[in-house]
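One structure is given below, encoded as structure tokens.
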Amino acid sequence: MNAPQHFLHRISIFGLLGTASFAFGGLPPDCYDPQNDTHAIKQCQWKALEYYDAQLNRNYHQLKHTLSRKEQSRLRNAQRAWIVWRDKECAFEGYPMRGGSAEQHFVNDCLIRLTRQRAVGLRSLVGE
């Protein structure tokens, strides 16, 4: 890749990381650019997870404000149980790579996928 193409490629990475483009497919494909090392992939995954976690929290609070106190309690209990399940499910998904450097990548991909799904599910309950 020549210098101008390399520069444009980097711009596209940063453009993806800062926009809602994550909303439709999980990680930007650039997270797994062959030129990325393990650290760069992990940083990209954490940015994606932060993005979806913020979406989930926003949708959770919007939904909460539409509910009665009793329904808010149910939502809170369901959300707490979902977090425990998500973390255990993702730890399990990393199991095939246990002890290897790819284990955390599998876990992170799972956390991103499930957090995105939950954020979308909560948003659908808000009615947006």
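In the structure tokens, each chain is lettered A, B, ... as it comes, each chain's residues begin at 1, and ligands are numbered from 1 in order of appearance.
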Selection near A:Ile41, 9 Å with only C-alpha atoms, sequence-local residues under 5 positions removed, as a ChimeraX atom specification = /A:30-33,36,46,105
Can you pull out every residue within 12 Å of A:Arg118, counting only C-alpha atoms, but drop anything in the same chain fewer than 6 positions away, and send it as a CSV table (one decimal) with C-alpha atoms, in the first residue's frame?
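For reference, out_29.csv as written:
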chain,number,residue,atom,x,y,z
A,23,ALA,CA,-24.5,-0.4,15.2
A,52,TYR,CA,-22.2,-0.5,22.8
A,53,ASP,CA,-22.1,-0.3,26.6
A,54,ALA,CA,-22.9,3.4,26.3
A,55,GLN,CA,-25.8,2.6,24.0
A,56,LEU,CA,-27.1,-0.1,26.3
A,57,ASN,CA,-27.0,2.2,29.3
A,58,ARG,CA,-28.7,5.0,27.4
A,59,ASN,CA,-31.5,2.6,26.3
A,60,TYR,CA,-31.8,1.1,29.7
A,78,ALA,CA,-33.4,-8.8,34.7
A,79,GLN,CA,-30.5,-6.5,33.8
A,82,TRP,CA,-28.3,-10.6,32.1
A,83,ILE,CA,-24.9,-9.1,33.0
A,85,TRP,CA,-25.1,-14.5,32.2
A,86,ARG,CA,-23.3,-12.5,29.5
A,111,LEU,CA,-19.0,-9.3,25.0
A,112,ILE,CA,-19.4,-6.9,22.1
A,124,SER,CA,-37.0,-1.8,20.8
A,125,LEU,CA,-38.8,-1.8,24.2
Atom-to-atom span, atom CA of A:Ala40 and atom CA of A:Glu93, Å | 21.3 Å
Find, counting only C-alpha atoms, the residue in A:Lys88, A:Arg98, A:Leu63, A:Gln45 that gets nearest to A:Arg76.
->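 Closest to A:Arg76 of all the choices is A:Leu63.
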Which is closer to A:Gly127 than all the others in A:Cys110, A:Ser101, A:Asn77, A:Gln62, using only C-alpha atoms?
-> A:Gln62
